[in-house]
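Undergrad: You'll find query-v1.cif just under this line, and it carries mmCIF, C-alpha atoms.
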```cif
data_target
loop_
_atom_site.label_atom_id
_atom_site.label_comp_id
_atom_site.auth_asym_id
_atom_site.auth_seq_id
_atom_site.Cartn_x
_atom_site.Cartn_y
_atom_site.Cartn_z
CA MET A 26 35.38 30.58 37.21
CA LEU A 27 32.66 28.38 35.76
CA HIS A 28 30.15 29.48 33.13
CA VAL A 29 26.63 28.17 33.71
CA ARG A 30 23.93 28.11 31.01
CA VAL A 31 20.36 27.38 32.03
CA ILE A 32 17.32 26.68 29.88
CA CYS A 33 14.18 26.85 31.98
CA PRO A 34 10.41 27.18 31.60
CA ALA A 35 9.26 30.79 31.85
CA GLU A 36 7.56 30.11 35.19
CA ARG A 37 10.90 29.00 36.67
CA THR A 38 12.99 31.91 35.43
CA ASP A 39 12.47 34.13 38.47
CA GLU A 40 13.62 31.32 40.76
CA VAL A 41 16.73 30.73 38.63
CA LEU A 42 17.53 34.45 38.73
CA ARG A 43 16.99 34.51 42.49
CA ILE A 44 19.45 31.65 42.98
CA ALA A 45 22.02 33.42 40.82
CA THR A 46 21.64 36.90 42.23
CA ASP A 47 21.47 35.80 45.86
CA CYS A 48 24.92 34.23 45.63
CA PRO A 49 27.71 36.82 45.98
CA ALA A 50 30.07 34.54 44.04
CA VAL A 51 27.93 34.85 40.89
CA VAL A 52 28.54 37.58 38.30
CA ASN A 53 27.58 38.47 34.73
CA VAL A 54 23.96 37.31 34.98
CA ILE A 55 22.13 37.42 31.64
CA ARG A 56 18.47 36.70 30.92
CA LEU A 57 17.11 36.12 27.41
CA PRO A 58 13.32 35.64 27.57
CA GLY A 59 11.99 33.06 25.13
CA ALA A 60 15.43 32.52 23.55
CA ALA A 61 15.40 28.72 23.93
CA TYR A 62 13.73 26.88 21.05
CA GLU A 63 14.03 23.21 22.07
CA PRO A 64 13.16 22.77 24.84
CA ARG A 65 11.18 26.00 24.77
CA GLY A 66 11.79 28.48 27.54
CA ASP A 67 13.99 31.28 28.76
CA PHE A 68 17.76 31.32 28.64
CA VAL A 69 19.78 32.39 31.68
CA GLU A 70 23.55 32.38 31.93
CA PHE A 71 26.06 33.54 34.51
CA ASP A 72 29.57 33.01 35.83
CA VAL A 73 30.21 31.53 39.27
CA ALA A 74 33.36 31.04 41.30
CA ARG A 75 34.31 27.36 41.29
CA GLU A 76 34.34 27.26 45.10
CA ALA A 77 30.66 28.27 45.27
CA ALA A 78 29.38 26.19 42.36
CA ASN A 79 28.12 23.24 44.39
CA GLY A 80 25.49 25.22 46.27
CA VAL A 81 24.25 26.96 43.14
CA LEU A 82 24.04 23.77 41.08
CA GLU A 83 22.33 21.94 43.93
CA GLN A 84 19.58 24.55 44.04
CA LEU A 85 19.17 24.56 40.25
CA ARG A 86 18.79 20.78 40.23
CA ALA A 87 16.13 21.08 42.94
CA LEU A 88 14.00 23.08 40.47
CA GLY A 89 13.67 20.01 38.25
CA LEU A 90 15.44 21.66 35.34
CA LYS A 91 17.07 18.38 34.33
CA ASP A 92 13.67 17.27 33.01
CA SER A 93 12.04 20.55 32.06
CA GLY A 94 15.09 22.35 30.67
CA GLY A 95 18.82 21.93 30.97
CA ILE A 96 21.92 23.00 32.89
CA THR A 97 25.30 23.23 31.19
CA VAL A 98 28.58 24.03 32.93
CA GLU A 99 31.94 24.77 31.38
CA GLU A 100 35.32 25.97 32.60
CA LEU A 101 36.34 29.59 32.04
CA TYR A 102 40.09 29.84 31.61
CA LEU A 103 40.11 33.61 31.22
CA SER A 104 37.73 36.16 32.70
CA ILE A 105 38.82 39.79 32.53
CA SER A 106 36.44 41.29 35.04
CA THR A 107 36.83 43.10 38.34
CA ALA A 108 33.46 41.71 39.42
CA ALA A 109 34.68 38.18 38.72
CA GLU A 110 37.83 38.79 40.76
CA LYS A 111 35.73 39.99 43.70
CA ALA A 112 33.44 36.97 43.37
CA GLU A 113 36.43 34.63 43.62
CA GLU A 114 37.67 36.50 46.70
CA ILE A 115 34.28 36.21 48.37
CA ALA A 116 33.89 32.50 47.62
CA PRO A 117 35.22 30.13 50.32
CA GLY A 118 38.65 28.55 49.90
CA ASP A 119 40.70 28.36 46.74
CA SER A 120 39.53 27.26 43.30
CA ASP A 121 42.18 24.52 43.09
CA ASP A 122 40.87 22.98 46.32
CA ALA A 123 37.19 23.11 45.39
CA VAL A 124 35.52 19.92 44.20
CA VAL A 125 32.58 20.47 41.88
CA TRP A 126 30.74 17.24 42.63
CA GLU A 127 28.38 17.42 39.67
CA GLN A 128 31.34 17.85 37.35
CA LEU A 129 33.17 14.92 38.93
CA ALA A 130 30.04 12.77 38.73
CA ALA A 131 29.69 13.45 35.01
CA ARG A 132 33.36 12.74 34.35
CA THR A 133 33.51 9.48 36.32
CA SER A 134 30.27 8.30 34.72
CA ALA A 135 31.86 8.78 31.31
CA GLU A 136 35.09 7.09 32.40
CA ALA A 137 33.19 4.03 33.68
CA ARG A 138 31.77 3.20 30.26
CA LEU A 139 33.27 0.37 28.25
CA THR A 140 34.01 1.83 24.81
CA TRP A 141 35.92 0.71 21.75
CA ALA A 142 38.32 3.60 22.28
CA PHE A 143 39.10 2.42 25.82
CA LEU A 144 39.71 -1.14 24.61
CA ALA A 145 41.87 0.07 21.73
CA PHE A 146 44.08 2.31 23.89
CA LEU A 147 44.48 -0.34 26.59
CA ALA A 148 45.28 -3.05 24.03
CA LEU A 149 47.83 -0.83 22.27
CA ALA A 150 49.43 0.16 25.57
CA THR A 151 49.62 -3.47 26.68
CA GLN A 152 51.28 -4.52 23.43
CA ILE A 153 53.85 -1.73 23.67
CA ALA A 154 54.54 -2.78 27.26
CA ALA A 155 54.97 -6.39 26.15
CA ILE A 156 57.51 -5.36 23.52
CA GLY A 157 59.28 -3.24 26.11
CA ALA A 158 59.50 -6.25 28.42
CA LEU A 159 60.85 -8.49 25.66
CA LEU A 160 63.47 -5.97 24.54
CA ASP A 161 64.23 -4.73 28.08
CA GLN A 162 63.47 -1.15 27.03
CA PRO A 163 62.28 1.14 29.86
CA ILE A 164 61.35 3.86 27.35
CA LEU A 165 58.73 1.59 25.81
CA ILE A 166 57.46 0.71 29.28
CA VAL A 167 57.06 4.41 30.13
CA GLY A 168 55.32 5.04 26.82
CA ALA A 169 52.88 2.22 27.55
CA MET A 170 52.18 3.66 31.00
CA VAL A 171 51.32 7.06 29.54
CA LEU A 172 49.05 5.53 26.88
CA GLY A 173 47.10 3.32 29.29
CA PRO A 174 43.59 4.68 30.11
CA GLU A 175 42.95 2.50 33.17
CA PHE A 176 42.87 5.25 35.80
CA GLY A 177 39.51 6.54 34.55
CA PRO A 178 37.54 3.46 35.65
CA VAL A 179 39.59 3.33 38.87
CA ALA A 180 38.47 6.87 39.69
CA ALA A 181 34.89 5.92 38.83
CA VAL A 182 35.00 3.06 41.36
CA CYS A 183 36.30 5.46 44.01
CA PHE A 184 33.53 7.97 43.34
CA GLY A 185 30.95 5.18 43.26
CA VAL A 186 32.06 4.07 46.73
CA LEU A 187 31.83 7.67 48.00
CA ARG A 188 28.28 8.06 46.71
CA GLY A 189 27.20 4.46 47.41
CA ASN A 190 26.44 4.09 43.70
CA LEU A 191 26.58 0.34 43.07
CA ARG A 192 25.66 0.80 39.42
CA LEU A 193 28.66 3.05 38.81
CA ILE A 194 30.97 0.70 40.71
CA GLY A 195 29.72 -2.29 38.73
CA ALA A 196 30.14 -0.52 35.40
CA ALA A 197 33.68 0.61 36.23
CA VAL A 198 34.76 -2.82 37.53
CA ARG A 199 33.29 -4.40 34.41
CA THR A 200 35.23 -1.97 32.23
CA LEU A 201 38.49 -2.76 34.02
CA ALA A 202 37.96 -6.52 33.97
CA ILE A 203 36.91 -6.74 30.33
CA GLY A 204 39.49 -4.17 29.27
CA PHE A 205 42.46 -5.99 30.79
CA THR A 206 41.14 -9.38 29.65
CA VAL A 207 40.81 -8.19 26.06
CA ALA A 208 44.15 -6.36 26.13
CA ILE A 209 46.01 -9.37 27.55
CA GLY A 210 44.21 -11.71 25.14
CA ILE A 211 45.14 -9.65 22.07
CA THR A 212 48.73 -9.27 23.24
CA LEU A 213 48.94 -13.00 23.99
CA GLY A 214 47.72 -13.81 20.49
CA CYS A 215 50.37 -11.55 18.98
CA ALA A 216 53.05 -13.05 21.24
CA VAL A 217 52.09 -16.61 20.26
CA ALA A 218 52.21 -15.63 16.59
CA GLY A 219 55.62 -14.01 17.16
CA ARG A 220 56.94 -17.18 18.80
CA LEU A 221 55.68 -19.38 15.95
CA LEU A 222 57.42 -17.08 13.49
CA GLY A 223 60.62 -17.24 15.52
CA TRP A 224 60.59 -13.53 16.30
CA ILE A 225 60.58 -14.05 20.07
CA THR A 226 62.15 -16.81 22.15
CA PRO A 227 61.87 -17.83 25.85
CA ASP A 228 65.39 -16.62 26.64
CA MET A 229 64.31 -13.01 25.95
CA LEU A 230 62.75 -12.89 29.43
CA ASP A 231 65.70 -14.51 31.20
CA ASP A 232 67.98 -11.50 31.58
CA ARG A 233 66.43 -8.03 31.53
CA PRO A 234 67.81 -5.91 34.38
CA LEU A 235 66.15 -2.66 33.25
CA THR A 236 62.55 -3.94 33.33
CA ASN A 237 62.80 -6.70 35.90
CA PHE A 238 60.88 -4.56 38.40
CA ILE A 239 57.64 -5.61 36.68
CA VAL A 240 57.85 -9.12 38.13
CA HIS A 241 59.02 -8.07 41.59
CA PRO A 242 56.01 -6.59 43.43
CA ASP A 243 56.87 -5.37 46.90
CA LYS A 244 55.86 -2.81 49.53
CA TRP A 245 57.27 0.00 47.40
CA SER A 246 54.97 -0.94 44.53
CA PHE A 247 52.01 -0.56 46.87
CA ILE A 248 53.29 2.70 48.35
CA VAL A 249 53.81 4.20 44.90
CA ALA A 250 50.31 3.07 43.89
CA LEU A 251 48.89 4.77 46.99
CA LEU A 252 50.65 8.02 46.18
CA ALA A 253 49.60 7.80 42.54
CA GLY A 254 45.98 7.22 43.58
CA VAL A 255 45.97 10.36 45.73
CA ALA A 256 47.59 12.39 42.95
CA GLY A 257 45.18 11.05 40.35
CA ILE A 258 42.06 11.94 42.32
CA LEU A 259 43.41 15.39 43.20
CA SER A 260 44.23 16.06 39.55
CA MET A 261 40.67 15.17 38.56
CA THR A 262 38.93 17.13 41.30
CA ALA A 263 41.12 20.19 40.79
CA GLY A 264 40.85 20.05 37.00
CA LYS A 265 44.62 19.59 36.60
CA SER A 266 44.58 16.99 33.84
CA SER A 267 48.29 17.43 33.11
CA ALA A 268 49.11 15.85 36.48
CA LEU A 269 47.48 12.60 35.34
CA VAL A 270 50.47 11.90 33.11
CA GLY A 271 52.63 11.57 36.20
CA VAL A 272 50.08 9.19 37.68
CA PHE A 273 50.17 6.99 34.59
CA ILE A 274 53.97 6.81 34.67
CA SER A 275 54.03 5.95 38.38
CA VAL A 276 52.04 2.71 38.34
CA THR A 277 52.88 -0.57 36.61
CA THR A 278 49.41 -1.87 35.78
CA VAL A 279 49.82 -1.87 31.99
CA PRO A 280 53.42 -3.21 32.08
CA ALA A 281 52.22 -6.03 34.32
CA ALA A 282 49.42 -6.85 31.87
CA GLY A 283 51.85 -6.87 28.96
CA ASN A 284 54.26 -9.11 30.84
CA ILE A 285 51.46 -11.55 31.66
CA ALA A 286 50.77 -12.02 27.96
CA VAL A 287 54.36 -12.63 26.87
CA ALA A 288 55.13 -14.75 29.93
CA ILE A 289 52.23 -17.07 29.08
CA ALA A 290 53.33 -17.27 25.43
CA LEU A 291 56.91 -18.10 26.45
CA ALA A 292 55.90 -20.43 29.30
CA HIS A 293 57.51 -18.32 32.06
CA TRP A 294 54.83 -19.34 34.55
CA HIS A 295 56.52 -17.84 37.61
CA GLU A 296 56.44 -14.44 35.90
CA VAL A 297 52.75 -14.84 35.13
CA ALA A 298 51.95 -15.15 38.83
CA ALA A 299 54.28 -12.29 39.79
CA SER A 300 52.80 -10.03 37.12
CA PHE A 301 49.26 -10.73 38.32
CA GLN A 302 50.39 -9.80 41.83
CA GLN A 303 51.90 -6.57 40.51
CA LEU A 304 48.71 -5.73 38.63
CA GLY A 305 46.50 -6.43 41.65
CA LEU A 306 48.79 -4.57 44.04
CA ASN A 307 48.77 -1.43 41.91
CA LEU A 308 45.00 -1.45 41.37
CA ALA A 309 44.36 -2.05 45.07
CA GLY A 310 46.69 0.79 46.08
CA MET A 311 45.08 3.28 43.71
CA LEU A 312 41.56 2.27 44.73
CA LEU A 313 42.30 2.53 48.45
CA ALA A 314 44.05 5.88 48.14
CA GLY A 315 41.41 7.28 45.80
CA ILE A 316 38.52 6.35 48.08
CA VAL A 317 40.21 7.78 51.17
CA THR A 318 41.12 10.99 49.30
CA LEU A 319 37.54 11.59 48.14
CA PHE A 320 36.11 10.96 51.61
CA LEU A 321 38.68 13.33 53.09
CA GLN A 322 37.90 16.01 50.51
CA ARG A 323 34.18 15.76 51.23
CA PHE A 324 34.78 15.92 54.98
CA LEU A 325 37.04 18.96 54.71
CA TRP A 326 34.67 20.78 52.38
CA ASN A 327 31.67 20.09 54.59
CA ARG A 328 33.65 21.11 57.68
CA TYR A 329 35.49 24.19 56.41
CA GLY A 330 33.85 25.08 53.10
CA LEU A 331 30.52 26.17 54.59
CA HIS A 332 30.10 29.92 54.22
CA THR A 333 26.61 31.39 54.38
CA SER A 334 26.67 34.87 53.01
CA GLY A 335 24.42 36.69 50.63
CA ARG A 336 23.58 40.06 49.17
CA PRO A 337 21.38 42.36 51.25
CA GLY A 338 17.83 41.13 51.23
CA GLY A 339 18.72 37.88 49.49
CA VAL A 340 18.56 34.26 50.49
CA ASN A 341 21.86 32.65 51.41
CA ALA A 342 23.06 30.46 48.56
CA MET A 343 26.34 29.00 49.62
CA LYS A 344 25.52 25.54 50.90
CA ARG A 345 27.25 22.33 51.74
CA ALA A 346 28.78 20.59 48.73
CA ASP A 347 27.34 17.19 49.44
#
```
Produce structure tokens that represent the structure in this file.
TA:
Amino acid sequence: MLHVRVICPAERTDEVLRIATDCPAVVNVIRLPGAAYEPRGDFVEFDVAREAANGVLEQLRALGLKDSGGITVEELYLSISTAAEKAEEIAPGDSDDAVVWEQLAARTSAEARLTWAFLAFLALATQIAAIGALLDQPILIVGAMVLGPEFGPVAAVCFGVLRGNLRLIGAAVRTLAIGFTVAIGITLGCAVAGRLLGWITPDMLDDRPLTNFIVHPDKWSFIVALLAGVAGILSMTAGKSSALVGVFISVTTVPAAGNIAVAIALAHWHEVAASFQQLGLNLAGMLLAGIVTLFLQRFLWNRYGLHTSGRPGGVNAMKRAD
């Protein structure tokens, strides 16, 4: 279930209540007249089954509440209510399969932004990966994969393509490009300093059987990236954030970036080219799979998620998601 809070002008309250009460997947409707102080207005809240949320939110947005009030949505992890159970049964499909497009839009918009936190995590992950490559330590490589935040902007590009949002695509691509450039640059600087101090030597990259896969991109790298892209998008649309850890561990984007830095510092030029290929192959696979997955989800929801049912005397409120 999702919990929706609405602040609306008094003249819009009846319409908000109509939208809520006409949808059979909505329960626990509460109205508090004049309760909102800034912006001033009435306060309405209710719970809605995740599968039916798109139609309800679409109608609320059509009232112009984004400018005259506000709409807030949050996940409900526990709802002890027979009415809520019936609402979920009435709603089309299963909650894990439902994509709340407004929620996904907000999340991908946030993930597309270039922030200091993103740069810091990517730089730290790239440095750990570089050390893992130098020491031939798969555990460090896995740790770097988990720490890397690069899938967020990848998902934002996929959603931007789905919606035809060039601004979102541009912001996400910029975040990826600047992020990897900064991360590789910082790691390269540290690697050069390490070589000048005698801490690392060129022969450290000569024989490393446990992490040699980083510089050997092949069809399996692309296939794994495709599978990881599908899993990543599904984990975001279904709200299963724990599954993203598996996505991070599956792809070798961050290890490739770390290897680029140390390979440049140690003049292993053939590894630089191979690592760039690995990085590009993994990003391309995730982007392709993510875009296809989102288009398929939208098609299936529009095709099979359309249920028009309402309470007696009400206006049907379950509409197409997109």
Undergrad: Spell out the residues picked by the PyMOL selection byres ((chain A and resi 144) around 9) here, as a ChimeraX atom specification.
TA: /A:139-143,145-149,174,200,203-205,207-208
Undergrad: Determine the residue membership of the PyMOL selection byres ((chain A and resi 310-313) around 7) for the file above and supply it as a compact mmCIF listing (two decimals) with C-alpha atoms, in the coordinates of the input.
TA:
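Saved to result.txt:
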```
# COMPACT_ATOMS: atom_id res chain seq x y z
CA VAL A 179 39.59 3.33 38.87
CA CYS A 183 36.30 5.46 44.01
CA PHE A 247 52.01 -0.56 46.87
CA ALA A 250 50.31 3.07 43.89
CA LEU A 251 48.89 4.77 46.99
CA ALA A 253 49.60 7.80 42.54
CA GLY A 254 45.98 7.22 43.58
CA LEU A 306 48.79 -4.57 44.04
CA ASN A 307 48.77 -1.43 41.91
CA LEU A 308 45.00 -1.45 41.37
CA ALA A 309 44.36 -2.05 45.07
CA ALA A 314 44.05 5.88 48.14
CA GLY A 315 41.41 7.28 45.80
CA ILE A 316 38.52 6.35 48.08
CA VAL A 317 40.21 7.78 51.17
```
Undergrad: Go ahead and compute the interatomic distance for CA of Glu76 (chain A) and CA of Cys48 (chain A), in Å to one decimal.
TA: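 Distance reported for this atom pair: 11.7 Å.
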Undergrad: Would you mind reading off the distance between CA of Thr206 (chain A) and CA of Ala282 (chain A), one decimal, in Å?
TA: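 A separation of 8.9 Å between them.
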Undergrad: Counting all atoms listed in the file, figure out which residue out of A:Val73, A:Leu259, A:Cys215, A:Ala290 gets nearest to Glu99 (chain A).
TA: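 For Glu99 (chain A), the nearest of the candidates is A:Val73.
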Undergrad: For this file, the PyMOL selection byres ((chain A and resi 225) around 12) selects which residues, as a PDB file with C-alpha atoms, keeping the file's coordinate frame?
TA:
```pdb
ATOM      1  CA  ALA A 155      54.970  -6.390  26.150  1.00  0.00           C
ATOM      2  CA  ILE A 156      57.510  -5.360  23.520  1.00  0.00           C
ATOM      3  CA  ALA A 158      59.500  -6.250  28.420  1.00  0.00           C
ATOM      4  CA  LEU A 159      60.850  -8.490  25.660  1.00  0.00           C
ATOM      5  CA  LEU A 160      63.470  -5.970  24.540  1.00  0.00           C
ATOM      6  CA  CYS A 215      50.370 -11.550  18.980  1.00  0.00           C
ATOM      7  CA  ALA A 216      53.050 -13.050  21.240  1.00  0.00           C
ATOM      8  CA  VAL A 217      52.090 -16.610  20.260  1.00  0.00           C
ATOM      9  CA  ALA A 218      52.210 -15.630  16.590  1.00  0.00           C
ATOM     10  CA  GLY A 219      55.620 -14.010  17.160  1.00  0.00           C
ATOM     11  CA  ARG A 220      56.940 -17.180  18.800  1.00  0.00           C
ATOM     12  CA  LEU A 221      55.680 -19.380  15.950  1.00  0.00           C
ATOM     13  CA  LEU A 222      57.420 -17.080  13.490  1.00  0.00           C
ATOM     14  CA  GLY A 223      60.620 -17.240  15.520  1.00  0.00           C
ATOM     15  CA  TRP A 224      60.590 -13.530  16.300  1.00  0.00           C
ATOM     16  CA  THR A 226      62.150 -16.810  22.150  1.00  0.00           C
ATOM     17  CA  PRO A 227      61.870 -17.830  25.850  1.00  0.00           C
ATOM     18  CA  ASP A 228      65.390 -16.620  26.640  1.00  0.00           C
ATOM     19  CA  MET A 229      64.310 -13.010  25.950  1.00  0.00           C
ATOM     20  CA  LEU A 230      62.750 -12.890  29.430  1.00  0.00           C
ATOM     21  CA  VAL A 287      54.360 -12.630  26.870  1.00  0.00           C
ATOM     22  CA  ALA A 288      55.130 -14.750  29.930  1.00  0.00           C
ATOM     23  CA  ALA A 290      53.330 -17.270  25.430  1.00  0.00           C
ATOM     24  CA  LEU A 291      56.910 -18.100  26.450  1.00  0.00           C
TER      25      LEU A 291
END
```
Undergrad: Within 10 Å of Pro234 (chain A), counting all atoms listed in the file, which residues qualify if same-chain residues fewer than 4 places away don't, as a ChimeraX atom specification?
TA: /A:161-162,230,238
Undergrad: So how many Å separate CA of Ser300 (chain A) and CA of Thr318 (chain A), to one decimal?
TA: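 These atoms are spaced 27.0 Å apart.
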Undergrad: Choose the residue, out of A:Arg132, A:Arg233, A:Arg75, A:Arg199, that has the smallest atom-to-atom separation from His28 (chain A); count only C-alpha atoms.
TA: A:Arg75
Undergrad: Which residue, A:Gly80, A:Pro49, A:Gly214, A:Gly95, has the smallest gap to Phe68 (chain A) when you use only C-alpha atoms?
TA: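 With only C-alpha atoms as the atom set, the closest residue is A:Gly95.
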Undergrad: List the spatial neighbours of Val182 (chain A) as a ChimeraX atom specification - criterion: any atom at most 7 Å away, only C-alpha atoms, same-chain residues fewer than 4 positions off excluded.
TA: /A:178,186,193-194,197
Undergrad: Return the single residue from A:Leu42, A:Val124, A:Leu57, A:Ile96 that is closest to Arg30 (chain A), with distances computed using only C-alpha atoms.
TA: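 Among A:Leu42, A:Val124, A:Leu57, A:Ile96, it is A:Ile96 that comes nearest to Arg30 (chain A).
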Undergrad: Given all atoms listed in the file as the basis, pick out the residue of A:Thr133, A:Ser106, A:Thr277, A:Gln128 nearest to Pro242 (chain A).
TA: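 Smallest separation from Pro242 (chain A) among the options: A:Thr277.
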Undergrad: Would you mind listing what lies within 9 Å of Pro163 (chain A) as number ranges by chain, with all atoms listed in the file counted and same-chain residues fewer than 5 positions away left out?
TA: A: 157-158, 168, 235-236
Undergrad: What's around Val69 (chain A) at 12 Å? Count only C-alpha atoms, leave out sequence neighbours fewer than 2 positions away in its own chain, and write the answer as a PyMOL selection string.
TA: chain A and resi 28-35+37-46+53-61+66-67+71-72+85+94-97
Undergrad: Between A:Leu101, A:Ala74, A:Val272, A:Val255, which has the minimum distance to Met170 (chain A) (counting all atoms listed in the file)?
TA: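 That would be A:Val272, the residue with the smallest distance to Met170 (chain A).
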Undergrad: Can you tell me, as a PyMOL selection string, which residues sit within 9 Å of (51.0, -6.1, 32.2) in the file's frame, using all atoms listed in the file?
TA: chain A and resi 151-152+154-155+205+209+239+277-286+300-301+303-304
Undergrad: Output as JSON the centre and edge lengths (Å, one decimal) of the box along x, y and z of the file that holds every listed atom of region 79-94 of chain A after adding 6 Å on each side.
TA:
```
{"center_x": 20.1, "center_y": 22.1, "center_z": 38.5, "size_x": 28.1, "size_y": 21.7, "size_z": 27.6}
```
